[in-house]
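S.K.: Got final_8.txt for you, compact mmCIF, C-alpha atoms:
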```txt
# COMPACT_ATOMS: atom_id res chain seq x y z
CA MET A 1 -48.51 -4.52 -44.15
CA THR A 2 -51.33 -4.92 -41.61
CA ILE A 3 -50.85 -4.18 -37.91
CA SER A 4 -51.18 -7.87 -37.06
CA CYS A 5 -48.46 -8.76 -39.58
CA LYS A 6 -46.18 -6.09 -38.17
CA GLN A 7 -46.79 -7.34 -34.64
CA SER A 8 -46.05 -10.90 -35.72
CA LEU A 9 -42.80 -9.85 -37.37
CA ILE A 10 -41.72 -7.87 -34.31
CA ALA A 11 -42.55 -10.81 -32.06
CA LEU A 12 -40.54 -13.14 -34.30
CA VAL A 13 -37.53 -10.82 -34.30
CA LEU A 14 -37.64 -10.40 -30.53
CA THR A 15 -37.93 -14.16 -30.01
CA LEU A 16 -34.98 -14.87 -32.28
CA THR A 17 -32.93 -12.11 -30.73
CA PHE A 18 -33.67 -13.18 -27.18
CA SER A 19 -32.77 -16.80 -27.84
CA PHE A 20 -29.43 -15.67 -29.16
CA THR A 21 -28.54 -12.85 -26.80
CA ALA A 22 -29.42 -15.09 -23.88
CA SER A 23 -25.81 -16.17 -24.08
CA ALA A 24 -25.13 -12.96 -22.19
CA GLY A 25 -25.39 -12.96 -18.41
CA SER A 26 -22.09 -11.14 -17.88
CA GLN A 27 -23.53 -8.42 -15.70
CA ALA A 28 -23.25 -7.54 -12.03
CA ASN A 29 -26.10 -6.78 -9.59
CA LYS A 30 -28.69 -9.03 -11.21
CA VAL A 31 -31.98 -9.97 -9.54
CA ALA A 32 -31.78 -13.15 -7.44
CA MET A 33 -33.42 -16.17 -9.08
CA HIS A 34 -33.20 -18.35 -5.95
CA GLU A 35 -33.77 -17.94 -2.24
CA PRO A 36 -30.88 -16.03 -0.61
CA GLU A 37 -30.17 -18.94 1.75
CA GLN A 38 -29.82 -21.30 -1.22
CA ILE A 39 -27.42 -18.94 -2.99
CA VAL A 40 -25.27 -18.48 0.12
CA HIS A 41 -25.20 -22.24 0.73
CA PHE A 42 -24.24 -22.96 -2.87
CA ALA A 43 -21.55 -20.26 -2.96
CA LYS A 44 -20.03 -21.64 0.25
CA ASN A 45 -20.01 -25.14 -1.22
CA VAL A 46 -18.14 -23.93 -4.30
CA GLU A 47 -15.59 -22.22 -2.05
CA LYS A 48 -15.24 -25.35 0.07
CA TYR A 49 -14.68 -27.49 -3.00
CA ALA A 50 -11.96 -25.19 -4.34
CA ALA A 51 -10.30 -25.01 -0.93
CA SER A 52 -10.44 -28.80 -0.55
CA GLN A 53 -8.45 -29.05 -3.79
CA GLY A 54 -5.84 -26.61 -2.51
CA ALA A 55 -6.76 -23.98 -5.11
CA ARG A 56 -5.15 -20.58 -4.61
CA ALA A 57 -6.43 -19.48 -8.02
CA PHE A 58 -9.06 -21.08 -10.22
CA ILE A 59 -11.44 -20.42 -13.10
CA ILE A 60 -15.09 -20.10 -12.11
CA ALA A 61 -18.19 -20.00 -14.31
CA ARG A 62 -21.92 -19.52 -13.76
CA VAL A 63 -25.15 -20.05 -15.69
CA GLY A 64 -26.93 -16.74 -16.20
CA ARG A 65 -29.74 -17.84 -18.52
CA PRO A 66 -32.04 -20.87 -18.96
CA GLN A 67 -30.17 -23.64 -20.77
CA LYS A 68 -32.87 -23.83 -23.44
CA ASP A 69 -32.09 -20.24 -24.45
CA LEU A 70 -28.37 -20.81 -25.00
CA PRO A 71 -26.76 -21.75 -28.31
CA LYS A 72 -26.13 -25.48 -28.67
CA GLY A 73 -23.11 -26.67 -26.68
CA ILE A 74 -22.72 -23.53 -24.56
CA ARG A 75 -23.28 -24.25 -20.87
CA PHE A 76 -22.09 -21.14 -19.02
CA THR A 77 -22.62 -17.44 -19.60
CA HIS A 78 -19.99 -15.83 -17.38
CA THR A 79 -16.42 -16.82 -16.54
CA ALA A 80 -13.87 -15.21 -14.23
CA VAL A 81 -10.81 -15.90 -12.07
CA ALA A 82 -11.04 -16.48 -8.31
CA LEU A 83 -8.09 -15.88 -5.97
CA TYR A 84 -7.74 -16.97 -2.33
CA SER A 85 -7.36 -13.64 -0.57
CA ASP A 86 -7.58 -11.59 2.60
CA ILE A 87 -11.07 -10.07 2.59
CA THR A 88 -12.11 -7.14 4.77
CA LEU A 89 -15.69 -7.36 6.02
CA ASP A 90 -17.97 -4.35 6.56
CA ASP A 91 -17.13 -4.35 10.27
CA GLY A 92 -13.41 -4.25 9.52
CA GLU A 93 -12.75 -7.90 10.35
CA MET A 94 -10.22 -9.61 8.07
CA VAL A 95 -11.12 -13.10 6.84
CA LYS A 96 -9.77 -15.55 4.28
CA GLY A 97 -11.85 -16.35 1.22
CA TYR A 98 -12.05 -16.17 -2.55
CA ALA A 99 -12.24 -12.83 -4.36
CA ILE A 100 -13.47 -13.05 -7.96
CA TYR A 101 -12.00 -10.90 -10.71
CA ASN A 102 -14.60 -10.24 -13.40
CA LEU A 103 -15.16 -8.40 -16.62
CA TYR A 104 -18.77 -7.15 -16.46
CA GLN A 105 -20.86 -5.24 -18.97
CA LYS A 106 -21.63 -1.68 -17.94
CA SER A 107 -25.20 -1.08 -16.87
CA GLY A 108 -27.00 0.94 -19.53
CA GLU A 109 -24.04 0.70 -21.89
CA LEU A 110 -23.95 -2.97 -22.82
CA ASP A 111 -21.33 -2.64 -25.55
CA LYS A 112 -18.81 -1.46 -22.93
CA SER A 113 -17.28 -3.34 -20.00
CA GLN A 114 -15.43 -2.75 -16.76
CA LEU A 115 -13.36 -4.83 -14.36
CA VAL A 116 -15.12 -5.59 -11.07
CA THR A 117 -14.03 -7.59 -8.04
CA ASP A 118 -16.78 -9.41 -6.15
CA TYR A 119 -17.23 -12.52 -4.00
CA PRO A 120 -18.92 -15.91 -4.45
CA VAL A 121 -22.34 -14.91 -3.10
CA ASP A 122 -22.34 -11.81 -5.33
CA PHE A 123 -21.10 -13.88 -8.26
CA PHE A 124 -23.94 -16.40 -8.03
CA TRP A 125 -26.65 -13.96 -6.90
CA GLY A 126 -28.28 -13.64 -10.32
CA ALA A 127 -27.50 -17.18 -11.51
CA ASN A 128 -30.33 -18.92 -13.33
CA GLN A 129 -29.13 -22.34 -12.20
CA LEU A 130 -27.08 -23.23 -9.15
CA ASN A 131 -24.34 -25.01 -11.05
CA ALA A 132 -20.73 -23.92 -11.33
CA GLY A 133 -17.91 -24.61 -13.71
CA VAL A 134 -14.54 -24.95 -11.98
CA ILE A 135 -11.12 -25.29 -13.61
CA ILE A 136 -8.18 -25.67 -11.26
CA PRO A 137 -4.90 -24.82 -13.01
CA THR A 138 -1.62 -26.49 -12.13
CA PRO A 139 0.21 -25.00 -9.11
CA ASP A 140 2.68 -23.15 -11.35
CA MET A 141 -0.16 -21.69 -13.43
CA GLN A 142 -1.93 -20.62 -10.25
CA THR A 143 1.18 -18.76 -9.11
CA ARG A 144 1.43 -17.02 -12.47
CA LEU A 145 -2.27 -16.09 -12.48
CA ILE A 146 -1.96 -14.62 -9.00
CA ASP A 147 0.94 -12.49 -10.23
CA ILE A 148 -1.04 -11.28 -13.27
CA ILE A 149 -3.86 -10.02 -11.05
CA THR A 150 -1.99 -8.75 -8.00
CA THR A 151 0.38 -6.68 -10.16
CA GLY A 152 -2.49 -5.15 -12.15
CA LYS A 153 -1.59 -6.79 -15.43
CA ASN A 154 -5.19 -7.97 -15.80
CA ALA A 155 -6.15 -4.31 -16.29
CA GLN A 156 -3.60 -4.01 -19.10
CA LEU A 157 -5.38 -6.88 -20.86
CA HIS A 158 -8.83 -5.27 -20.61
CA ASN A 159 -10.56 -4.04 -23.76
CA GLU A 160 -13.72 -2.13 -22.83
CA ASN A 161 -15.34 -2.75 -26.24
CA TYR A 162 -17.72 -5.60 -25.52
CA SER A 163 -19.47 -8.25 -27.58
CA VAL A 164 -21.30 -11.33 -26.33
CA ILE A 165 -19.65 -13.36 -29.09
CA ALA A 166 -16.25 -11.64 -29.20
CA ASN A 167 -13.71 -13.32 -31.47
CA PRO A 168 -10.69 -14.34 -29.33
CA MET A 169 -8.44 -14.47 -32.40
CA ASN A 170 -8.18 -10.68 -32.53
CA SER A 171 -8.27 -7.76 -30.11
CA GLN A 172 -11.13 -5.81 -31.66
CA LEU A 173 -13.71 -6.76 -29.01
CA GLN A 174 -13.72 -8.72 -25.75
CA ASN A 175 -16.10 -10.50 -23.39
CA CYS A 176 -15.63 -11.95 -19.91
CA THR A 177 -14.46 -15.37 -21.07
CA GLU A 178 -12.01 -13.96 -23.59
CA HIS A 179 -10.60 -11.71 -20.86
CA THR A 180 -10.12 -14.84 -18.74
CA LEU A 181 -8.35 -16.52 -21.66
CA ASP A 182 -6.14 -13.45 -22.14
CA MET A 183 -5.15 -13.58 -18.46
CA LEU A 184 -4.32 -17.27 -18.78
CA ASN A 185 -2.22 -16.68 -21.88
CA ALA A 186 -0.45 -13.75 -20.24
CA ALA A 187 0.39 -16.14 -17.40
CA ILE A 188 1.54 -18.87 -19.80
CA TYR A 189 3.69 -16.66 -22.03
CA GLN A 190 4.73 -14.12 -19.37
CA THR A 191 3.76 -11.13 -21.49
CA THR A 192 0.96 -8.58 -21.75
CA ASP A 193 1.80 -7.73 -25.36
CA ILE A 194 -1.64 -8.04 -26.97
CA ASP A 195 -0.35 -8.70 -30.49
CA GLN A 196 1.86 -11.52 -29.24
CA LEU A 197 -0.94 -13.00 -27.13
CA LYS A 198 -3.35 -12.99 -30.06
CA ALA A 199 -0.75 -14.58 -32.33
CA ASN A 200 -0.32 -17.37 -29.76
CA THR A 201 -4.09 -17.70 -29.41
CA GLN A 202 -4.41 -18.19 -33.16
CA THR A 203 -1.75 -20.90 -33.06
CA TYR A 204 -2.75 -22.91 -29.99
CA PHE A 205 -6.34 -22.14 -28.95
CA THR A 206 -9.50 -23.54 -30.53
CA PRO A 207 -12.62 -21.41 -29.91
CA GLN A 208 -16.10 -22.92 -29.76
CA ARG A 209 -18.49 -22.55 -32.67
CA VAL A 210 -21.63 -20.57 -31.95
CA HIS A 211 -24.38 -22.70 -33.47
CA THR A 212 -26.99 -20.15 -34.40
CA SER A 213 -28.19 -18.87 -37.74
CA ARG A 214 -26.93 -15.80 -39.57
CA PHE A 215 -30.55 -14.61 -39.50
CA LYS A 216 -30.53 -14.54 -35.70
CA LEU A 217 -27.12 -12.89 -35.65
CA MET A 218 -28.27 -10.21 -38.06
CA PHE A 219 -31.31 -9.28 -36.00
CA GLY A 220 -29.35 -9.58 -32.78
CA ALA A 221 -26.86 -7.04 -34.09
CA MET A 222 -29.70 -4.75 -35.17
CA LEU A 223 -31.47 -4.75 -31.82
CA GLN A 224 -28.74 -5.33 -29.24
CA ASP A 225 -25.65 -3.18 -28.71
CA ASP A 226 -23.70 -6.11 -27.27
CA VAL A 227 -24.17 -8.41 -30.27
CA THR A 228 -22.01 -8.00 -33.35
CA THR A 229 -20.09 -10.14 -35.80
CA LYS A 230 -17.88 -7.36 -37.13
CA ASP A 231 -14.80 -8.96 -35.54
CA HIS A 232 -15.49 -12.32 -37.22
CA THR A 233 -14.77 -13.65 -40.69
CA GLY A 234 -16.43 -16.87 -41.76
CA LYS A 235 -18.05 -19.05 -39.10
CA VAL A 236 -18.67 -17.42 -35.73
CA ALA A 237 -16.69 -18.89 -32.83
CA THR A 238 -16.00 -17.52 -29.37
CA THR A 239 -14.31 -18.35 -26.07
CA THR A 240 -16.31 -20.53 -23.68
CA PHE A 241 -15.73 -22.26 -20.37
CA ARG A 242 -15.51 -25.57 -22.22
CA SER A 243 -12.99 -24.33 -24.80
CA ILE A 244 -10.77 -22.98 -22.01
CA ALA A 245 -11.00 -26.30 -20.15
CA GLN A 246 -10.06 -28.19 -23.32
CA TYR A 247 -7.17 -25.81 -23.99
CA LEU A 248 -5.63 -26.12 -20.54
CA ALA A 249 -6.11 -29.90 -20.53
CA LYS A 250 -4.46 -30.28 -23.95
CA TYR A 251 -1.27 -28.63 -22.72
CA ASP A 252 -1.34 -30.13 -19.20
CA LEU A 253 -1.94 -26.76 -17.57
CA ALA A 254 -4.93 -27.79 -15.41
CA SER A 255 -5.20 -30.39 -12.69
CA GLN A 256 -8.97 -30.74 -13.12
CA SER A 257 -12.04 -29.30 -14.81
CA VAL A 258 -15.42 -30.09 -13.26
CA ILE A 259 -19.03 -28.99 -13.05
CA LEU A 260 -20.52 -28.75 -9.57
CA GLY A 261 -24.19 -29.37 -8.79
CA ARG A 262 -26.37 -27.34 -6.44
CA ASP A 263 -25.16 -29.31 -3.39
CA GLY A 264 -21.51 -28.79 -4.26
CA GLN A 265 -21.06 -32.29 -5.63
CA VAL A 266 -19.03 -33.05 -8.75
CA VAL A 267 -21.63 -33.96 -11.37
CA GLU A 268 -19.45 -33.83 -14.50
CA VAL A 269 -15.74 -34.03 -15.25
CA LEU A 270 -13.74 -33.23 -18.36
CA PHE A 271 -12.82 -36.49 -20.07
CA GLY A 272 -10.89 -36.00 -23.28
CA SER A 273 -12.62 -33.10 -24.98
CA LYS A 274 -16.05 -33.51 -23.36
CA PHE A 275 -17.66 -33.14 -19.98
CA VAL A 276 -19.13 -36.47 -18.88
CA THR A 277 -21.14 -37.55 -15.86
CA SER A 278 -18.92 -38.20 -12.87
CA ALA A 279 -18.90 -41.90 -11.99
CA ALA A 280 -18.31 -41.15 -8.33
CA ASN A 281 -20.61 -38.11 -8.33
CA SER A 282 -18.45 -37.16 -5.35
CA SER A 283 -19.55 -34.63 -2.77
CA ILE A 284 -17.47 -32.22 -0.77
```
Could you quickly redo this structure as structure tokens?

M.R.:
Amino acid sequence: MTISCKQSLIALVLTLTFSFTASAGSQANKVAMHEPEQIVHFAKNVEKYAASQGARAFIIARVGRPQKDLPKGIRFTHTAVALYSDITLDDGEMVKGYAIYNLYQKSGELDKSQLVTDYPVDFFWGANQLNAGVIIPTPDMQTRLIDIITTGKNAQLHNENYSVIANPMNSQLQNCTEHTLDMLNAAIYQTTDIDQLKANTQTYFTPQRVHTSRFKLMFGAMLQDDVTTKDHTGKVATTTFRSIAQYLAKYDLASQSVILGRDGQVVEVLFGSKFVTSAANSSI
């Protein structure tokens, strides 16, 4: 094989791998893609929207990669749970605000994860687009979610073995969105028994298909530690912001699921099983 052929093959593999692994974006301390003032303004608008809806706990999602690089139908790359909390500032002052409970990949060890608490500005700091997914559970579900986190049960649900496309139907691997689903199910079923939670997931939850070729998956697994299909059989499907929104809506466990634009306005709402443009396009 000539050098030019080798270079072409390497370039092809890297292109295919990047377009697939771009569904990542579940890392902390990323480089800012927007002006700091814009990020702060956007983060405050997301907080204001959640507060205006009376949310004590809600699901929050961000876009960590260009939309063109994501598999078809996947809008967000990182999902977590936000709780209205007492927050201590650097100067010791206590203020009210939302703390966000994340599962993040470990830096330099991308097939492992850790639980990290941060705040809206931190959460959106490395966002590729200033859009946010917001799911506000019912009041009872919010109370249960708060209990899961404040009693440390979220840590009991953490599996440090990470995959971008973790299969939520088993406990072999986990990503940020599956961890969010596991917290929700622990709140619903009032248990942290992993086997029971996965049995219930298999019965009631429908994951989202990952529309990408086996060829891309194969090379992704070869070149990236955080990409594997070893926990899947048959077609690859994973937990997404949309599949969680559909799940909670199906069983009347959410009061609303929306997508917020860069000015904090509602640009899309969940209608049936799809997000559609908001007729009111309401602003906070």

S.K.: Taking (-1.1, -14.7, -15.3) in the file's own coordinates, collect the residues within 8 Å, counting all atoms listed in the file, and hand them back as a count of residues only.

M.R.: 18

S.K.: In Å, rounded to a single decimal, give me how far CA of Asn102 (chain A) is from CA of Ile87 (chain A).

M.R.: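 Distance reported for this atom pair: 16.4 Å.
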
S.K.: What is the CA of Tyr101 (chain A) to CA of Gly152 (chain A) distance in Å?

M.R.: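 So the two atoms, CA of Tyr101 (chain A) and CA of Gly152 (chain A), lie 11.2 Å apart.
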
S.K.: Would you mind listing, for every residue of region 101-141 of chain A within 12 Å of region 55-58 of chain A, the two atoms forming the shortest contact and the distance between them in Å to one decimal, using all atoms listed in the file, sorted by chain and ascending residue number, as JSON lines?

M.R.:
```
{"residue": "A:Tyr101", "atom": "CA", "partner": "A:Ala57", "partner_atom": "CA", "distance": 10.6}
{"residue": "A:Gly133", "atom": "CA", "partner": "A:Phe58", "partner_atom": "CA", "distance": 10.1}
{"residue": "A:Val134", "atom": "CA", "partner": "A:Phe58", "partner_atom": "CA", "distance": 6.9}
{"residue": "A:Ile135", "atom": "CA", "partner": "A:Phe58", "partner_atom": "CA", "distance": 5.8}
{"residue": "A:Ile136", "atom": "CA", "partner": "A:Phe58", "partner_atom": "CA", "distance": 4.8}
{"residue": "A:Pro137", "atom": "CA", "partner": "A:Phe58", "partner_atom": "CA", "distance": 6.3}
{"residue": "A:Thr138", "atom": "CA", "partner": "A:Ala55", "partner_atom": "CA", "distance": 9.1}
{"residue": "A:Pro139", "atom": "CA", "partner": "A:Ala55", "partner_atom": "CA", "distance": 8.1}
{"residue": "A:Asp140", "atom": "CA", "partner": "A:Ala57", "partner_atom": "CA", "distance": 10.4}
{"residue": "A:Met141", "atom": "CA", "partner": "A:Ala57", "partner_atom": "CA", "distance": 8.6}
```

S.K.: Compare A:Thr77, A:Thr191, A:Ser52, A:Gln202 by their minimum atom-to-atom distance to Asn128 (chain A), counting all atoms listed in the file, and give me the closest one.

M.R.: A:Thr77

S.K.: Given only C-alpha atoms as the basis, pick out the residue of A:Val81, A:Val227, A:Ala199, A:Val116 nearest to Ser163 (chain A).

M.R.: A:Val227

S.K.: Which of these residues is nearest to Thr240 (chain A), using all atoms listed in the file: A:Ser255, A:Thr177, A:Gln114, A:Gln67?

M.R.: A:Thr177

S.K.: For Tyr49 (chain A), which residue among A:Asn200, A:Ala245, A:Thr117, A:Ala132 is the nearest when counting only C-alpha atoms?

M.R.: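 Looking at the shortest contact to Tyr49 (chain A), the residue is A:Ala132.
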
S.K.: Which polymer residues have any atom within 12 Å of an atom of Val258 (chain A), counting all atoms listed in the file, with same-chain residues fewer than 3 positions away left out, as a PyMOL selection string?

M.R.: chain A and resi 46+49-50+53+58-61+131-137+241-242+245-246+249+254-255+261+264-271+274-278+281-282

S.K.: Identify which of the residues A:Leu130, A:Ala51, A:Pro168, A:Lys112 lies closest to Val63 (chain A), counting all atoms listed in the file when measuring atom-to-atom distances.

M.R.: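 The closest residue to Val63 (chain A) is A:Leu130.
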
S.K.: Please identify all polymer residues within 10 Å of Asn159 (chain A), counting all atoms listed in the file, omitting same-chain residues fewer than 5 positions from it, and present them as a ChimeraX atom specification.

M.R.: /A:103,112-115,171-175,179

S.K.: Generate the output file for the selected residues, C-alpha atoms, as a PDB file, keeping the file's coordinate frame.

M.R.:
```pdb
ATOM      1  CA  LEU A 103     -15.160  -8.400 -16.620  1.00  0.00           C
ATOM      2  CA  LYS A 112     -18.810  -1.460 -22.930  1.00  0.00           C
ATOM      3  CA  SER A 113     -17.280  -3.340 -20.000  1.00  0.00           C
ATOM      4  CA  GLN A 114     -15.430  -2.750 -16.760  1.00  0.00           C
ATOM      5  CA  LEU A 115     -13.360  -4.830 -14.360  1.00  0.00           C
ATOM      6  CA  SER A 171      -8.270  -7.760 -30.110  1.00  0.00           C
ATOM      7  CA  GLN A 172     -11.130  -5.810 -31.660  1.00  0.00           C
ATOM      8  CA  LEU A 173     -13.710  -6.760 -29.010  1.00  0.00           C
ATOM      9  CA  GLN A 174     -13.720  -8.720 -25.750  1.00  0.00           C
ATOM     10  CA  ASN A 175     -16.100 -10.500 -23.390  1.00  0.00           C
ATOM     11  CA  HIS A 179     -10.600 -11.710 -20.860  1.00  0.00           C
TER      12      HIS A 179
END
```

S.K.: For region 46-52 of chain A, what centre and edge lengths in Å (one decimal) does the axis-aligned box get once 3 Å is added on each side of all its listed atoms, as AutoDock Vina command-line options?

M.R.:
```
--center_x -14.2 --center_y -25.5 --center_z -2.1 --size_x 13.8 --size_y 12.6 --size_z 10.4
```

S.K.: May I ask which of the residues A:Leu110, A:Ile100, A:Met33, A:Ile259 is the closest one to Trp125 (chain A), counting all atoms listed in the file?

M.R.: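 The shortest atom-to-atom distance to Trp125 (chain A) comes from A:Met33.
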